[in-house]
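Heads up, work_3.pdb below (PDB, C-alpha atoms, pLDDT in the B column):
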ATOM      1  CA  MET W 775       0.000   0.000   0.000  1.00 73.00           C
ATOM      2  CA  GLU W 776       2.852   2.365   0.788  1.00 83.00           C
ATOM      3  CA  LEU W 777       4.429   1.624  -2.591  1.00 82.00           C
ATOM      4  CA  VAL W 778       1.183   2.578  -4.342  1.00 80.00           C
ATOM      5  CA  GLN W 779       1.063   5.866  -2.405  1.00 82.00           C
ATOM      6  CA  GLN W 780       4.680   6.610  -3.340  1.00 83.00           C
ATOM      7  CA  ILE W 781       3.946   5.944  -7.002  1.00 82.00           C
ATOM      8  CA  LEU W 782       0.778   8.057  -7.012  1.00 80.00           C
ATOM      9  CA  SER W 783       2.515  10.976  -5.313  1.00 83.00           C
ATOM     10  CA  SER W 784       5.651  10.891  -7.462  1.00 85.00           C
ATOM     11  CA  PRO W 785       6.256  13.791  -9.892  1.00 86.00           C
ATOM     12  CA  GLU W 786       6.749  11.314 -12.725  1.00 86.00           C
ATOM     13  CA  PHE W 787       3.286   9.820 -12.219  1.00 81.00           C
ATOM     14  CA  VAL W 788       1.690  13.267 -12.065  1.00 80.00           C
ATOM     15  CA  ALA W 789       3.460  14.236 -15.321  1.00 83.00           C
ATOM     16  CA  LEU W 790       2.290  10.993 -16.955  1.00 84.00           C
ATOM     17  CA  LEU W 791      -1.259  11.570 -15.740  1.00 79.00           C
ATOM     18  CA  ILE W 792      -1.277  15.129 -17.140  1.00 85.00           C
ATOM     19  CA  THR W 793       0.036  13.842 -20.471  1.00 86.00           C
ATOM     20  CA  VAL W 794      -2.652  11.161 -20.667  1.00 81.00           C
ATOM     21  CA  ILE W 795      -5.412  13.631 -19.752  1.00 84.00           C
ATOM     22  CA  THR W 796      -4.150  16.111 -22.363  1.00 83.00           C
ATOM     23  CA  ALA W 797      -4.125  13.396 -25.022  1.00 78.00           C
ATOM     24  CA  VAL W 798      -7.650  12.250 -24.124  1.00 72.00           C
ATOM     25  CA  VAL W 799      -9.018  15.820 -24.144  1.00 72.00           C
ATOM     26  CA  GLY W 800      -7.333  16.470 -27.496  1.00 73.00           C
ATOM     27  CA  PHE W 801      -8.755  13.289 -28.972  1.00 71.00           C
ATOM     28  CA  VAL W 802     -12.261  14.047 -27.726  1.00 63.00           C
ATOM     29  CA  GLY W 803     -12.034  17.635 -29.017  1.00 63.00           C
ATOM     30  CA  LYS W 804     -10.891  16.494 -32.449  1.00 67.00           C
ATOM     31  CA  SER W 805     -13.609  13.851 -32.565  1.00 59.00           C
ATOM     32  CA  LEU W 806     -16.283  16.425 -31.708  1.00 56.00           C
ATOM     33  CA  ARG W 807     -14.899  18.874 -34.263  1.00 63.00           C
ATOM     34  CA  ASP W 808     -14.953  16.161 -36.923  1.00 60.00           C
ATOM     35  CA  LEU W 809     -18.509  15.196 -35.964  1.00 52.00           C
ATOM     36  CA  ILE W 810     -19.716  18.793 -36.102  1.00 55.00           C
ATOM     37  CA  GLY W 811     -17.854  19.430 -39.333  1.00 54.00           C
ATOM     38  CA  SER W 812     -19.297  16.372 -41.000  1.00 53.00           C
ATOM     39  CA  LYS W 813     -22.904  17.357 -40.342  1.00 62.00           C
ATOM     40  CA  VAL W 814     -22.715  21.131 -40.737  1.00 66.00           C
ATOM     41  CA  SER W 815     -21.264  22.759 -43.838  1.00 73.00           C
ATOM     42  CA  ALA W 816     -18.906  25.719 -43.560  1.00 76.00           C
ATOM     43  CA  GLU W 817     -21.607  28.026 -44.911  1.00 81.00           C
ATOM     44  CA  GLN W 818     -24.145  26.739 -42.411  1.00 81.00           C
ATOM     45  CA  LEU W 819     -21.651  27.142 -39.568  1.00 83.00           C
ATOM     46  CA  GLN W 820     -20.898  30.703 -40.632  1.00 85.00           C
ATOM     47  CA  LEU W 821     -24.603  31.487 -40.895  1.00 87.00           C
ATOM     48  CA  LEU W 822     -25.184  29.893 -37.480  1.00 88.00           C
ATOM     49  CA  MET W 823     -22.578  32.191 -35.918  1.00 89.00           C
ATOM     50  CA  VAL W 824     -24.170  35.275 -37.518  1.00 90.00           C
ATOM     51  CA  ILE W 825     -27.614  34.151 -36.373  1.00 91.00           C
ATOM     52  CA  ALA W 826     -26.316  33.451 -32.856  1.00 91.00           C
ATOM     53  CA  LYS W 827     -24.882  36.963 -32.638  1.00 91.00           C
ATOM     54  CA  GLN W 828     -28.206  38.444 -33.772  1.00 91.00           C
ATOM     55  CA  ALA W 829     -30.177  36.230 -31.390  1.00 92.00           C
ATOM     56  CA  VAL W 830     -28.032  37.361 -28.452  1.00 90.00           C
ATOM     57  CA  ALA W 831     -28.659  40.990 -29.403  1.00 89.00           C
ATOM     58  CA  VAL W 832     -32.413  40.364 -29.639  1.00 89.00           C
ATOM     59  CA  ALA W 833     -32.462  38.646 -26.241  1.00 87.00           C
ATOM     60  CA  GLU W 834     -30.542  41.543 -24.690  1.00 85.00           C
ATOM     61  CA  GLN W 835     -32.542  44.341 -26.295  1.00 86.00           C
ATOM     62  CA  THR W 836     -36.107  43.087 -25.957  1.00 81.00           C
ATOM     63  CA  GLY W 837     -35.935  42.910 -22.184  1.00 76.00           C
ATOM     64  CA  ILE W 838     -38.247  39.898 -22.139  1.00 75.00           C
ATOM     65  CA  ALA W 839     -35.685  37.812 -20.267  1.00 69.00           C
ATOM     66  CA  LYS W 840     -34.324  39.041 -16.962  1.00 78.00           C
ATOM     67  CA  THR W 841     -31.818  36.407 -15.815  1.00 85.00           C
ATOM     68  CA  GLY W 842     -28.856  35.011 -17.712  1.00 84.00           C
ATOM     69  CA  ALA W 843     -30.555  31.642 -18.107  1.00 87.00           C
ATOM     70  CA  GLU W 844     -33.720  33.302 -19.446  1.00 88.00           C
ATOM     71  CA  LYS W 845     -31.667  35.380 -21.901  1.00 88.00           C
ATOM     72  CA  LYS W 846     -29.876  32.267 -23.113  1.00 90.00           C
ATOM     73  CA  ALA W 847     -33.175  30.421 -23.575  1.00 91.00           C
ATOM     74  CA  GLU W 848     -34.617  33.386 -25.473  1.00 91.00           C
ATOM     75  CA  ALA W 849     -31.515  33.650 -27.676  1.00 92.00           C
ATOM     76  CA  ILE W 850     -31.719  29.926 -28.467  1.00 92.00           C
ATOM     77  CA  ARG W 851     -35.413  30.283 -29.319  1.00 92.00           C
ATOM     78  CA  VAL W 852     -34.758  33.261 -31.605  1.00 92.00           C
ATOM     79  CA  ALA W 853     -31.820  31.506 -33.283  1.00 93.00           C
ATOM     80  CA  GLN W 854     -33.963  28.441 -33.902  1.00 93.00           C
ATOM     81  CA  VAL W 855     -36.647  30.603 -35.550  1.00 93.00           C
ATOM     82  CA  TYR W 856     -34.025  32.075 -37.904  1.00 92.00           C
ATOM     83  CA  LEU W 857     -32.545  28.645 -38.666  1.00 91.00           C
ATOM     84  CA  ASP W 858     -35.999  27.238 -39.383  1.00 91.00           C
ATOM     85  CA  ALA W 859     -36.642  30.155 -41.764  1.00 91.00           C
ATOM     86  CA  TYR W 860     -33.484  29.184 -43.679  1.00 87.00           C
ATOM     87  CA  GLY W 861     -34.435  25.506 -43.582  1.00 88.00           C
ATOM     88  CA  ILE W 862     -31.302  24.584 -41.638  1.00 85.00           C
ATOM     89  CA  LYS W 863     -31.604  21.739 -39.157  1.00 86.00           C
ATOM     90  CA  ILE W 864     -29.044  22.028 -36.353  1.00 85.00           C
ATOM     91  CA  ASP W 865     -29.547  20.338 -33.003  1.00 84.00           C
ATOM     92  CA  ALA W 866     -30.180  22.376 -29.876  1.00 86.00           C
ATOM     93  CA  ALA W 867     -26.775  21.594 -28.330  1.00 87.00           C
ATOM     94  CA  ARG W 868     -24.971  23.144 -31.306  1.00 86.00           C
ATOM     95  CA  VAL W 869     -27.253  26.170 -31.270  1.00 89.00           C
ATOM     96  CA  ALA W 870     -26.617  26.599 -27.528  1.00 90.00           C
ATOM     97  CA  ALA W 871     -22.860  26.339 -28.112  1.00 89.00           C
ATOM     98  CA  ALA W 872     -23.054  28.991 -30.838  1.00 89.00           C
ATOM     99  CA  ILE W 873     -25.022  31.259 -28.485  1.00 90.00           C
ATOM    100  CA  GLU W 874     -22.377  30.796 -25.774  1.00 89.00           C
ATOM    101  CA  ALA W 875     -19.638  31.607 -28.309  1.00 88.00           C
ATOM    102  CA  ALA W 876     -21.495  34.742 -29.413  1.00 87.00           C
ATOM    103  CA  VAL W 877     -21.910  35.898 -25.803  1.00 86.00           C
ATOM    104  CA  PHE W 878     -18.243  35.222 -25.082  1.00 86.00           C
ATOM    105  CA  THR W 879     -17.197  37.155 -28.184  1.00 82.00           C
ATOM    106  CA  GLU W 880     -19.450  40.039 -27.239  1.00 81.00           C
ATOM    107  CA  LEU W 881     -18.180  40.180 -23.659  1.00 79.00           C
ATOM    108  CA  THR W 882     -14.505  39.981 -24.516  1.00 79.00           C
ATOM    109  CA  LYS W 883     -14.294  42.432 -27.404  1.00 72.00           C
ATOM    110  CA  LEU W 884     -12.132  45.457 -26.781  1.00 52.00           C
ATOM    111  CA  GLU W 885     -13.795  48.827 -26.776  1.00 50.00           C
ATOM    112  CA  PRO W 886     -12.327  51.374 -29.186  1.00 46.00           C
ATOM    113  CA  ALA W 887     -10.289  54.144 -27.650  1.00 49.00           C
ATOM    114  CA  PRO W 888     -12.191  57.388 -27.055  1.00 50.00           C
ATOM    115  CA  ASP W 889     -11.550  60.146 -29.597  1.00 51.00           C
ATOM    116  CA  VAL W 890     -10.050  62.366 -26.909  1.00 49.00           C
ATOM    117  CA  ILE W 891      -7.257  59.877 -26.283  1.00 50.00           C
ATOM    118  CA  THR W 892      -6.717  59.437 -30.003  1.00 52.00           C
ATOM    119  CA  GLU W 893      -6.583  63.216 -30.578  1.00 56.00           C
ATOM    120  CA  ALA W 894      -4.116  63.658 -27.705  1.00 55.00           C
ATOM    121  CA  ALA W 895      -1.887  60.947 -29.174  1.00 55.00           C
ATOM    122  CA  VAL W 896      -1.995  62.557 -32.640  1.00 55.00           C
ATOM    123  CA  ASP W 897      -1.150  65.963 -31.145  1.00 59.00           C
ATOM    124  CA  ALA W 898       1.760  64.498 -29.185  1.00 59.00           C
ATOM    125  CA  LEU W 899       3.146  62.799 -32.292  1.00 56.00           C
ATOM    126  CA  ALA W 900       2.752  66.002 -34.319  1.00 59.00           C
ATOM    127  CA  GLU W 901       4.756  67.937 -31.721  1.00 59.00           C
ATOM    128  CA  GLU W 902       7.587  65.399 -31.983  1.00 50.00           C
ATOM    129  CA  ASP W 903       7.738  65.851 -35.768  1.00 49.00           C
ATOM    130  CA  GLU W 904       7.939  69.669 -35.632  1.00 53.00           C
ATOM    131  CA  PRO W 905      11.458  71.078 -35.849  1.00 56.00           C
ATOM    132  CA  ALA W 906      12.789  72.811 -32.763  1.00 56.00           C
ATOM    133  CA  PRO W 907      12.754  76.641 -32.980  1.00 58.00           C
ATOM    134  CA  ALA W 908      16.155  78.166 -33.848  1.00 59.00           C
ATOM    135  CA  ASN W 909      17.781  80.438 -31.238  1.00 56.00           C
TER     136      ASN W 909
END
Written as structure tokens, how would this file's structure read?
Amino acid sequence: MELVQQILSSPEFVALLITVITAVVGFVGKSLRDLIGSKVSAEQLQLLMVIAKQAVAVAEQTGIAKTGAEKKAEAIRVAQVYLDAYGIKIDAARVAAAIEAAVFTELTKLEPAPDVITEAAVDALAEEDEPAPAN
């Protein structure tokens, strides 16, 4: 029993375990990507992402949903309406994943710099380019 504990707590075993877990996660990810790719064309996937972005905006702007879970459900419902209008059949799990991706993209986008900061930077650069006055 002590030998088993020594093996399990050794740095080599931990490194091996991490390697195995990484390989399994990579294999599962590739398998899922292949499965999704085989059933959804590139055009459909691109359209799904555009629809998901629009559905998230609709869910945010209508104010029908109050909680995050309600907004997600509303976005999925709206996305499904759009997909049905295009005659595209995509299962709910993929639609939900696209909605999550759209929300993540929306939340993590960088805001553009305010014009004041931009103008100050342009003015500072212009001052550097001007020749120094002669004495």
| message | Rounded to one decimal, what separation in Å do you get between atom CA of Ala816 of chain W and atom CA of Ala797 of chain W? | response |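 Result for atom CA of Ala816 of chain W versus atom CA of Ala797 of chain W: 26.7 Å, one decimal.
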| Point-to-point distance from atom CA of Gly842 of chain W to atom CA of Leu822 of chain W, Å rounded to tenths | 20.7 Å
| said: Please compute the atom CA of Gln818 of chain W-atom CA of Ile838 of chain W distance, one decimal, in Å. | reply: 28.0 Å
| message | Going by the chain IDs and residue numbers used in this file, which residues fall under the PyMOL selection byres ((chain W and resi 880) around 12)? Write them as a VMD selection string. | response | chain W and resid 826 to 828 830 to 831 834 873 to 879 881 to 885
| task | Would you write out, as a list in words, every residue that the PyMOL selection byres ((chain W and resi 854-867) around 8) captures in this file? | result | Val814, Gln818, Leu822, Ile825, Ile850, Arg851, Val852, Ala853, Arg868, Val869, Ala870 and Ala871 of chain W
